[in-house]
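Asks: Input structure: protein_22.tsv, which contains TSV, N, CA and C atoms.
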chain	number	residue	atom	x	y	z
A	100	MET	N	-11.28	-10.44	1.19
A	100	MET	CA	-12.66	-10.81	1.24
A	100	MET	C	-13.26	-10.60	-0.15
A	101	THR	N	-13.66	-11.69	-0.78
A	101	THR	CA	-14.25	-11.62	-2.10
A	101	THR	C	-15.68	-12.13	-2.00
A	102	THR	N	-16.59	-11.43	-2.61
A	102	THR	CA	-17.99	-11.85	-2.58
A	102	THR	C	-18.48	-12.09	-3.99
A	103	GLN	N	-19.45	-12.97	-4.11
A	103	GLN	CA	-20.03	-13.28	-5.41
A	103	GLN	C	-21.34	-12.49	-5.54
A	104	VAL	N	-21.42	-11.65	-6.55
A	104	VAL	CA	-22.61	-10.84	-6.79
A	104	VAL	C	-22.99	-10.97	-8.26
A	105	ASN	N	-24.17	-11.51	-8.54
A	105	ASN	CA	-24.66	-11.66	-9.91
A	105	ASN	C	-23.62	-12.32	-10.83
A	106	ASP	N	-23.03	-13.41	-10.36
A	106	ASP	CA	-22.04	-14.17	-11.14
A	106	ASP	C	-20.79	-13.37	-11.47
A	107	GLN	N	-20.54	-12.28	-10.77
A	107	GLN	CA	-19.32	-11.52	-10.96
A	107	GLN	C	-18.57	-11.49	-9.63
A	108	THR	N	-17.26	-11.66	-9.70
A	108	THR	CA	-16.46	-11.60	-8.49
A	108	THR	C	-16.15	-10.14	-8.19
A	109	GLU	N	-16.42	-9.75	-6.96
A	109	GLU	CA	-16.17	-8.39	-6.54
A	109	GLU	C	-15.03	-8.41	-5.53
A	110	THR	N	-14.00	-7.61	-5.76
A	110	THR	CA	-12.85	-7.55	-4.88
A	110	THR	C	-13.09	-6.51	-3.80
A	111	ALA	N	-12.68	-6.84	-2.58
A	111	ALA	CA	-12.83	-5.91	-1.46
A	111	ALA	C	-11.96	-4.68	-1.69
A	112	THR	N	-12.34	-3.58	-1.06
A	112	THR	CA	-11.56	-2.36	-1.14
A	112	THR	C	-11.03	-2.03	0.25
A	113	HIS	N	-10.20	-1.01	0.36
A	113	HIS	CA	-9.61	-0.61	1.64
A	113	HIS	C	-9.65	0.91	1.75
A	114	GLU	N	-9.26	1.41	2.91
A	114	GLU	CA	-9.32	2.84	3.18
A	114	GLU	C	-7.93	3.48	3.25
A	115	VAL	N	-6.97	2.92	2.54
A	115	VAL	CA	-5.64	3.51	2.45
A	115	VAL	C	-5.64	4.50	1.30
A	116	GLY	N	-5.09	5.69	1.54
A	116	GLY	CA	-5.02	6.70	0.50
A	116	GLY	C	-3.63	6.77	-0.12
A	117	LEU	N	-3.56	7.29	-1.32
A	117	LEU	CA	-2.30	7.49	-2.03
A	117	LEU	C	-2.33	8.90	-2.59
A	118	THR	N	-1.36	9.72	-2.20
A	118	THR	CA	-1.34	11.10	-2.70
A	118	THR	C	-1.01	11.10	-4.19
A	119	ASP	N	-1.32	12.20	-4.85
A	119	ASP	CA	-1.00	12.33	-6.26
A	119	ASP	C	0.51	12.26	-6.49
A	120	VAL	N	1.29	12.83	-5.58
A	120	VAL	CA	2.75	12.81	-5.70
A	120	VAL	C	3.25	11.36	-5.62
A	121	ALA	N	2.72	10.59	-4.68
A	121	ALA	CA	3.12	9.18	-4.54
A	121	ALA	C	2.68	8.37	-5.76
A	122	ALA	N	1.47	8.62	-6.25
A	122	ALA	CA	0.98	7.90	-7.44
A	122	ALA	C	1.86	8.20	-8.64
A	123	ASP	N	2.27	9.45	-8.81
A	123	ASP	CA	3.16	9.82	-9.91
A	123	ASP	C	4.51	9.12	-9.79
A	124	LYS	N	5.03	9.02	-8.56
A	124	LYS	CA	6.32	8.35	-8.35
A	124	LYS	C	6.19	6.85	-8.67
A	125	VAL	N	5.09	6.22	-8.26
A	125	VAL	CA	4.88	4.81	-8.56
A	125	VAL	C	4.83	4.61	-10.07
A	126	ARG	N	4.07	5.45	-10.78
A	126	ARG	CA	3.99	5.36	-12.24
A	126	ARG	C	5.37	5.49	-12.87
A	127	SER	N	6.15	6.44	-12.39
A	127	SER	CA	7.49	6.68	-12.91
A	127	SER	C	8.39	5.45	-12.68
A	128	LEU	N	8.33	4.87	-11.51
A	128	LEU	CA	9.16	3.68	-11.21
A	128	LEU	C	8.74	2.50	-12.08
A	129	LEU	N	7.44	2.33	-12.28
A	129	LEU	CA	6.97	1.22	-13.11
A	129	LEU	C	7.37	1.42	-14.57
A	130	GLU	N	7.33	2.66	-15.05
A	130	GLU	CA	7.75	2.95	-16.42
A	130	GLU	C	9.24	2.68	-16.59
A	131	GLN	N	10.05	3.05	-15.59
A	131	GLN	CA	11.49	2.79	-15.65
A	131	GLN	C	11.77	1.30	-15.73
A	132	GLU	N	10.98	0.51	-15.03
A	132	GLU	CA	11.16	-0.94	-15.02
A	132	GLU	C	10.50	-1.61	-16.24
A	133	GLY	N	9.66	-0.85	-16.95
A	133	GLY	CA	8.94	-1.42	-18.08
A	133	GLY	C	7.90	-2.44	-17.65
A	134	ARG	N	7.34	-2.25	-16.47
A	134	ARG	CA	6.38	-3.20	-15.90
A	134	ARG	C	5.07	-2.48	-15.61
A	135	GLN	N	4.03	-2.85	-16.31
A	135	GLN	CA	2.71	-2.30	-16.04
A	135	GLN	C	1.84	-3.31	-15.30
A	136	ASP	N	2.41	-4.49	-15.01
A	136	ASP	CA	1.65	-5.56	-14.37
A	136	ASP	C	1.82	-5.58	-12.85
A	137	LEU	N	2.53	-4.59	-12.30
A	137	LEU	CA	2.80	-4.58	-10.86
A	137	LEU	C	1.85	-3.65	-10.12
A	138	ARG	N	1.60	-3.99	-8.87
A	138	ARG	CA	0.77	-3.19	-7.97
A	138	ARG	C	1.63	-2.78	-6.78
A	139	LEU	N	1.26	-1.71	-6.11
A	139	LEU	CA	1.94	-1.31	-4.89
A	139	LEU	C	1.25	-2.02	-3.73
A	140	ARG	N	2.00	-2.87	-3.04
A	140	ARG	CA	1.44	-3.61	-1.90
A	140	ARG	C	1.95	-2.97	-0.62
A	141	VAL	N	1.04	-2.71	0.30
A	141	VAL	CA	1.39	-2.20	1.62
A	141	VAL	C	0.85	-3.19	2.65
A	142	ALA	N	1.70	-3.52	3.62
A	142	ALA	CA	1.33	-4.50	4.63
A	142	ALA	C	1.91	-4.11	5.97
A	143	VAL	N	1.36	-4.71	7.00
A	143	VAL	CA	1.87	-4.56	8.36
A	143	VAL	C	2.33	-5.93	8.83
A	144	GLN	N	3.56	-5.99	9.36
A	144	GLN	CA	4.13	-7.25	9.83
A	144	GLN	C	4.67	-7.06	11.25
A	145	PRO	N	4.69	-8.13	12.04
A	145	PRO	CA	5.32	-8.03	13.36
A	145	PRO	C	6.81	-7.73	13.21
A	146	GLY	N	7.35	-6.90	14.10
A	146	GLY	CA	8.78	-6.61	14.07
A	146	GLY	C	9.07	-5.19	14.49
A	147	GLY	N	10.33	-4.85	14.48
A	147	GLY	CA	10.76	-3.50	14.84
A	147	GLY	C	10.74	-3.26	16.33
A	148	CYS	N	11.19	-2.09	16.73
A	148	CYS	CA	11.29	-1.72	18.15
A	148	CYS	C	9.92	-1.61	18.82
A	149	SER	N	8.92	-1.17	18.07
A	149	SER	CA	7.60	-0.91	18.65
A	149	SER	C	6.59	-2.01	18.41
A	150	GLY	N	6.95	-3.06	17.70
A	150	GLY	CA	6.05	-4.20	17.55
A	150	GLY	C	5.55	-4.46	16.15
A	151	LEU	N	5.36	-3.42	15.33
A	151	LEU	CA	4.85	-3.60	13.97
A	151	LEU	C	5.68	-2.76	13.00
A	152	ILE	N	5.89	-3.30	11.81
A	152	ILE	CA	6.60	-2.55	10.77
A	152	ILE	C	5.77	-2.53	9.49
A	153	TYR	N	5.98	-1.51	8.69
A	153	TYR	CA	5.33	-1.41	7.39
A	153	TYR	C	6.18	-2.11	6.35
A	154	GLN	N	5.52	-2.73	5.41
A	154	GLN	CA	6.19	-3.24	4.22
A	154	GLN	C	5.53	-2.58	3.02
A	155	LEU	N	6.32	-2.08	2.12
A	155	LEU	CA	5.83	-1.39	0.93
A	155	LEU	C	6.67	-1.88	-0.23
A	156	TYR	N	6.04	-2.57	-1.18
A	156	TYR	CA	6.80	-3.13	-2.30
A	156	TYR	C	5.89	-3.38	-3.48
A	157	PHE	N	6.49	-3.61	-4.64
A	157	PHE	CA	5.74	-3.92	-5.84
A	157	PHE	C	5.47	-5.41	-5.89
A	158	ASP	N	4.28	-5.77	-6.32
A	158	ASP	CA	3.87	-7.17	-6.35
A	158	ASP	C	2.99	-7.41	-7.57
A	159	GLU	N	3.23	-8.51	-8.25
A	159	GLU	CA	2.39	-8.85	-9.40
A	159	GLU	C	1.22	-9.74	-9.01
A	160	ARG	N	1.26	-10.26	-7.80
A	160	ARG	CA	0.22	-11.20	-7.35
A	160	ARG	C	-0.98	-10.49	-6.72
A	161	LEU	N	-2.12	-11.13	-6.82
A	161	LEU	CA	-3.30	-10.79	-6.04
A	161	LEU	C	-3.63	-12.06	-5.27
A	162	LEU	N	-3.64	-11.97	-3.96
A	162	LEU	CA	-3.89	-13.12	-3.12
A	162	LEU	C	-5.32	-13.13	-2.62
A	163	GLU	N	-5.79	-14.28	-2.21
A	163	GLU	CA	-7.15	-14.40	-1.68
A	163	GLU	C	-7.30	-13.48	-0.47
A	164	GLY	N	-8.35	-12.69	-0.46
A	164	GLY	CA	-8.61	-11.78	0.64
A	164	GLY	C	-7.99	-10.41	0.48
A	165	ASP	N	-7.17	-10.20	-0.56
A	165	ASP	CA	-6.58	-8.88	-0.77
A	165	ASP	C	-7.65	-7.83	-1.04
A	166	ALA	N	-7.41	-6.64	-0.52
A	166	ALA	CA	-8.27	-5.49	-0.81
A	166	ALA	C	-7.51	-4.59	-1.78
A	167	VAL	N	-8.18	-4.11	-2.80
A	167	VAL	CA	-7.54	-3.34	-3.86
A	167	VAL	C	-8.26	-2.01	-4.04
A	168	ARG	N	-7.47	-0.97	-4.28
A	168	ARG	CA	-8.03	0.34	-4.58
A	168	ARG	C	-7.19	0.96	-5.69
A	169	ASP	N	-7.85	1.53	-6.69
A	169	ASP	CA	-7.18	2.10	-7.84
A	169	ASP	C	-7.09	3.62	-7.71
A	170	PHE	N	-5.91	4.15	-7.98
A	170	PHE	CA	-5.67	5.59	-7.97
A	170	PHE	C	-5.20	6.00	-9.36
A	171	ASN	N	-6.15	6.24	-10.24
A	171	ASN	CA	-5.84	6.65	-11.62
A	171	ASN	C	-4.80	5.74	-12.27
A	172	GLY	N	-5.05	4.45	-12.20
A	172	GLY	CA	-4.17	3.48	-12.85
A	172	GLY	C	-3.11	2.87	-11.96
A	173	VAL	N	-2.95	3.37	-10.75
A	173	VAL	CA	-2.01	2.78	-9.80
A	173	VAL	C	-2.84	2.00	-8.77
A	174	GLU	N	-2.65	0.68	-8.76
A	174	GLU	CA	-3.39	-0.15	-7.82
A	174	GLU	C	-2.59	-0.30	-6.53
A	175	VAL	N	-3.27	-0.06	-5.40
A	175	VAL	CA	-2.69	-0.27	-4.08
A	175	VAL	C	-3.41	-1.47	-3.48
A	176	VAL	N	-2.62	-2.46	-3.05
A	176	VAL	CA	-3.15	-3.71	-2.52
A	176	VAL	C	-2.79	-3.83	-1.04
A	177	VAL	N	-3.76	-4.25	-0.24
A	177	VAL	CA	-3.55	-4.48	1.19
A	177	VAL	C	-4.10	-5.87	1.52
A	178	ASP	N	-3.30	-6.69	2.20
A	178	ASP	CA	-3.79	-8.01	2.58
A	178	ASP	C	-4.84	-7.88	3.69
A	179	LYS	N	-5.70	-8.89	3.80
A	179	LYS	CA	-6.86	-8.79	4.71
A	179	LYS	C	-6.45	-8.61	6.17
A	180	MET	N	-5.30	-9.13	6.58
A	180	MET	CA	-4.87	-8.98	7.97
A	180	MET	C	-4.38	-7.56	8.26
A	181	SER	N	-3.88	-6.86	7.25
A	181	SER	CA	-3.34	-5.51	7.45
A	181	SER	C	-4.39	-4.41	7.33
A	182	VAL	N	-5.53	-4.72	6.71
A	182	VAL	CA	-6.56	-3.69	6.46
A	182	VAL	C	-6.93	-2.92	7.73
A	183	PRO	N	-7.23	-3.58	8.88
A	183	PRO	CA	-7.62	-2.79	10.05
A	183	PRO	C	-6.52	-1.88	10.59
A	184	TYR	N	-5.26	-2.30	10.47
A	184	TYR	CA	-4.14	-1.49	10.95
A	184	TYR	C	-3.89	-0.27	10.08
A	185	LEU	N	-4.32	-0.33	8.82
A	185	LEU	CA	-4.01	0.72	7.85
A	185	LEU	C	-5.20	1.59	7.46
A	186	SER	N	-6.36	1.32	8.03
A	186	SER	CA	-7.56	2.09	7.67
A	186	SER	C	-7.35	3.58	7.94
A	187	GLY	N	-7.49	4.39	6.93
A	187	GLY	CA	-7.32	5.83	7.05
A	187	GLY	C	-5.89	6.31	6.85
A	188	ALA	N	-4.95	5.39	6.63
A	188	ALA	CA	-3.55	5.77	6.42
A	188	ALA	C	-3.38	6.38	5.03
A	189	THR	N	-2.37	7.22	4.88
A	189	THR	CA	-2.07	7.85	3.60
A	189	THR	C	-0.61	7.61	3.25
A	190	ILE	N	-0.39	7.15	2.02
A	190	ILE	CA	0.97	6.95	1.51
A	190	ILE	C	1.34	8.18	0.69
A	191	ASP	N	2.51	8.73	0.99
A	191	ASP	CA	2.99	9.91	0.29
A	191	ASP	C	4.43	9.64	-0.16
A	192	PHE	N	4.97	10.53	-0.96
A	192	PHE	CA	6.36	10.44	-1.36
A	192	PHE	C	7.02	11.78	-1.09
A	193	GLU	N	8.13	11.75	-0.34
A	193	GLU	CA	8.88	12.96	-0.04
A	193	GLU	C	10.17	12.98	-0.84
A	194	ASP	N	10.52	14.13	-1.36
A	194	ASP	CA	11.77	14.28	-2.09
A	194	ASP	C	12.37	15.62	-1.68
A	195	THR	N	13.04	15.61	-0.53
A	195	THR	CA	13.65	16.83	0.00
A	195	THR	C	15.15	16.58	0.21
A	196	ILE	N	15.85	17.59	0.63
A	196	ILE	CA	17.28	17.46	0.90
A	196	ILE	C	17.52	16.44	2.00
A	197	SER	N	16.66	16.44	3.01
A	197	SER	CA	16.89	15.56	4.15
A	197	SER	C	16.26	14.17	4.02
A	198	LYS	N	15.31	14.01	3.10
A	198	LYS	CA	14.64	12.71	3.02
A	198	LYS	C	14.09	12.47	1.62
A	199	GLN	N	14.26	11.25	1.15
A	199	GLN	CA	13.62	10.85	-0.10
A	199	GLN	C	13.06	9.46	0.10
A	200	GLY	N	11.78	9.32	-0.21
A	200	GLY	CA	11.16	8.01	-0.11
A	200	GLY	C	9.69	8.10	0.22
A	201	PHE	N	9.07	6.94	0.24
A	201	PHE	CA	7.65	6.85	0.57
A	201	PHE	C	7.48	6.95	2.07
A	202	THR	N	6.41	7.61	2.48
A	202	THR	CA	6.06	7.72	3.89
A	202	THR	C	4.63	7.25	4.08
A	203	ILE	N	4.32	6.81	5.28
A	203	ILE	CA	2.96	6.39	5.62
A	203	ILE	C	2.52	7.15	6.85
A	204	ASP	N	1.46	7.94	6.69
A	204	ASP	CA	0.85	8.66	7.80
A	204	ASP	C	-0.34	7.82	8.25
A	205	ASN	N	-0.23	7.22	9.43
A	205	ASN	CA	-1.23	6.26	9.90
A	205	ASN	C	-1.89	6.76	11.18
A	206	PRO	N	-3.17	7.11	11.13
A	206	PRO	CA	-3.86	7.58	12.34
A	206	PRO	C	-4.07	6.47	13.37
A	207	ASN	N	-3.88	5.21	13.00
A	207	ASN	CA	-4.06	4.10	13.93
A	207	ASN	C	-2.83	3.84	14.78
A	208	ALA	N	-1.69	4.40	14.40
A	208	ALA	CA	-0.45	4.20	15.15
A	208	ALA	C	-0.51	5.01	16.44
A	209	GLU	N	-0.42	4.32	17.56
A	209	GLU	CA	-0.47	5.00	18.87
A	209	GLU	C	0.88	5.59	19.24
A	210	GLY	N	1.94	5.08	18.64
A	210	GLY	CA	3.28	5.57	18.92
A	210	GLY	C	4.24	4.90	17.98
A	211	SER	N	5.46	5.42	17.92
A	211	SER	CA	6.48	4.82	17.07
A	211	SER	C	7.82	4.88	17.78
A	212	CYS	N	8.79	4.17	17.25
A	212	CYS	CA	10.12	4.18	17.84
A	212	CYS	C	10.88	5.41	17.34
A	213	ALA	N	12.03	5.64	17.92
A	213	ALA	CA	12.83	6.82	17.57
A	213	ALA	C	13.27	6.81	16.11
A	214	CYS	N	13.51	5.61	15.57
A	214	CYS	CA	13.97	5.55	14.18
A	214	CYS	C	12.82	5.76	13.20
A	215	GLY	N	11.57	5.63	13.66
A	215	GLY	CA	10.41	5.86	12.82
A	215	GLY	C	10.05	4.72	11.91
A	216	ASP	N	10.72	3.57	12.05
A	216	ASP	CA	10.46	2.44	11.18
A	216	ASP	C	9.40	1.48	11.71
A	217	SER	N	9.03	1.61	12.97
A	217	SER	CA	8.00	0.71	13.50
A	217	SER	C	7.02	1.49	14.36
A	218	PHE	N	5.88	0.87	14.62
A	218	PHE	CA	4.82	1.54	15.37
A	218	PHE	C	4.04	0.52	16.19
A	219	HIS	N	3.17	1.05	17.06
A	219	HIS	CA	2.25	0.20	17.81
A	219	HIS	C	0.90	0.89	17.94
Kindly present the structure from the file in structure tokens form.

Replies:
Amino acid sequence: MTTQVNDQTETATHEVGLTDVAADKVRSLLEQEGRQDLRLRVAVQPGGCSGLIYQLYFDERLLEGDAVRDFNGVEVVVDKMSVPYLSGATIDFEDTISKQGFTIDNPNAEGSCACGDSFH
């Protein structure tokens, strides 16, 4: 959702959070790739055991209706259809013996499957 205000285009924002640990990991990955033009895109798509799955990837595009939020130089982008499903969610990064990777804590998820990859 983009609105025109005083001849300036204003981009919509979203309520997805990014922890400092996750933001640092994103910065590190972008530096390794030598790419400062990428954003972290998070989306919800149909699929998985419980009906919906998360997608988390780097994207150079900004599409019509995208909501953007900046976390000290790390832009997180959410498409307009995913915004309601992700409102209040927090993206974190875990690096432990048992798990390494990005996680999404979503208060809108009513339940998830045993594998933890999908929710409803």

Asks: So the first atom is CA of Gly116 in chain A and the second is atom N of Asp191 in chain A; what is the distance between them in Å, to one decimal place?

Replies: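 Calculated distance between CA of Gly116 in chain A and atom N of Asp191 in chain A is 7.8 Å.
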
Asks: Figure out the distance between atom N of Asp119 in chain A and atom C of Val141 in chain A, please, to one decimal in Å.

Replies: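 About the pair atom C of Val141 in chain A and atom N of Asp119 in chain A: they are 17.3 Å apart.
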
Asks: Do you know which residues are at most 7 Å from Glu174 in chain A counting all atoms listed in the file, after dropping those on the same chain fewer than 3 positions away, and could you put them as a PyMOL selection string?

Replies: chain A and resi 137-140+167-171

Asks: So which one's closest to Phe157 in chain A, A:Gly172, A:Gln144, A:Asp136, A:Ser186? Using only C-alpha atoms, please.

Replies: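 Among the listed residues, the smallest separation from Phe157 in chain A belongs to A:Asp136.
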
Asks: Could you pull out the strand (DSSP E) residues of chain A, going by DSSP on the backbone, and write them as JSON, numbers by chain?

Replies: {"A": [101, 102, 103, 104, 107, 108, 109, 110, 116, 117, 138, 139, 140, 141, 142, 143, 144, 145, 151, 152, 153, 154, 155, 156, 157, 158, 166, 167, 168, 169, 170, 173, 174, 175, 176, 177, 189, 190, 191, 192, 193, 194, 199, 200, 201, 202, 203, 204, 217, 218]}

Asks: For the atom pair atom N of Val173 in chain A and atom N of Ser197 in chain A, what is the interatomic distance in Å to one decimal place?

Replies: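 Calculated distance between atom N of Val173 in chain A and atom N of Ser197 in chain A is 27.3 Å.
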
Asks: Extract, using all atoms listed in the file, all DNA, RNA and protein residues at most 8 Å from Met180 in chain A, discarding same-chain residues fewer than 6 positions from it, and format them as an mmCIF file with N, CA and C atoms, keeping the file's coordinate frame.

Replies:
data_model
loop_
_atom_site.group_PDB
_atom_site.id
_atom_site.type_symbol
_atom_site.label_atom_id
_atom_site.label_comp_id
_atom_site.auth_asym_id
_atom_site.auth_seq_id
_atom_site.Cartn_x
_atom_site.Cartn_y
_atom_site.Cartn_z
ATOM 1 N N ALA A 142 1.700 -3.520 3.620
ATOM 2 C CA ALA A 142 1.330 -4.500 4.630
ATOM 3 C C ALA A 142 1.910 -4.110 5.970
ATOM 4 N N VAL A 143 1.360 -4.710 7.000
ATOM 5 C CA VAL A 143 1.870 -4.560 8.360
ATOM 6 C C VAL A 143 2.330 -5.930 8.830
ATOM 7 N N GLY A 164 -8.350 -12.690 -0.460
ATOM 8 C CA GLY A 164 -8.610 -11.780 0.640
ATOM 9 C C GLY A 164 -7.990 -10.410 0.480
ATOM 10 N N ASP A 165 -7.170 -10.200 -0.560
ATOM 11 C CA ASP A 165 -6.580 -8.880 -0.770
ATOM 12 C C ASP A 165 -7.650 -7.830 -1.040
ATOM 13 N N ALA A 166 -7.410 -6.640 -0.520
ATOM 14 C CA ALA A 166 -8.270 -5.490 -0.810
ATOM 15 C C ALA A 166 -7.510 -4.590 -1.780
#

Asks: With range 203-206 of chain A as the partner and 6 Å as the cut-off, tabulate the residues of range 149-198 of chain A that qualify, each row holding the nearest pair of atoms and their distance in Å to one decimal, using all atoms listed in the file, sorted by chain and rising number, as a tab-separated table.

Replies:
residue	atom	partner	partner_atom	distance
A:Gly187	C	A:Pro206	N	5.1
A:Ala188	CA	A:Asn205	CA	4.2
A:Thr189	N	A:Asp204	C	4.0
A:Ile190	CA	A:Ile203	CA	4.6
A:Asp191	N	A:Ile203	N	5.0

Asks: Identify, with DSSP run on backbone atoms, the residues in range 123-158 of chain A assigned to alpha helix (DSSP H), and express the list as JSON, numbers by chain.

Replies: {"A": [123, 124, 125, 126, 127, 128, 129, 130, 131, 132]}

Asks: Using only C-alpha atoms, find the one residue out of A:Gly146, A:Asp178, A:Arg134, A:Ala122 that sits nearest to Glu159 in chain A.

Replies: A:Arg134
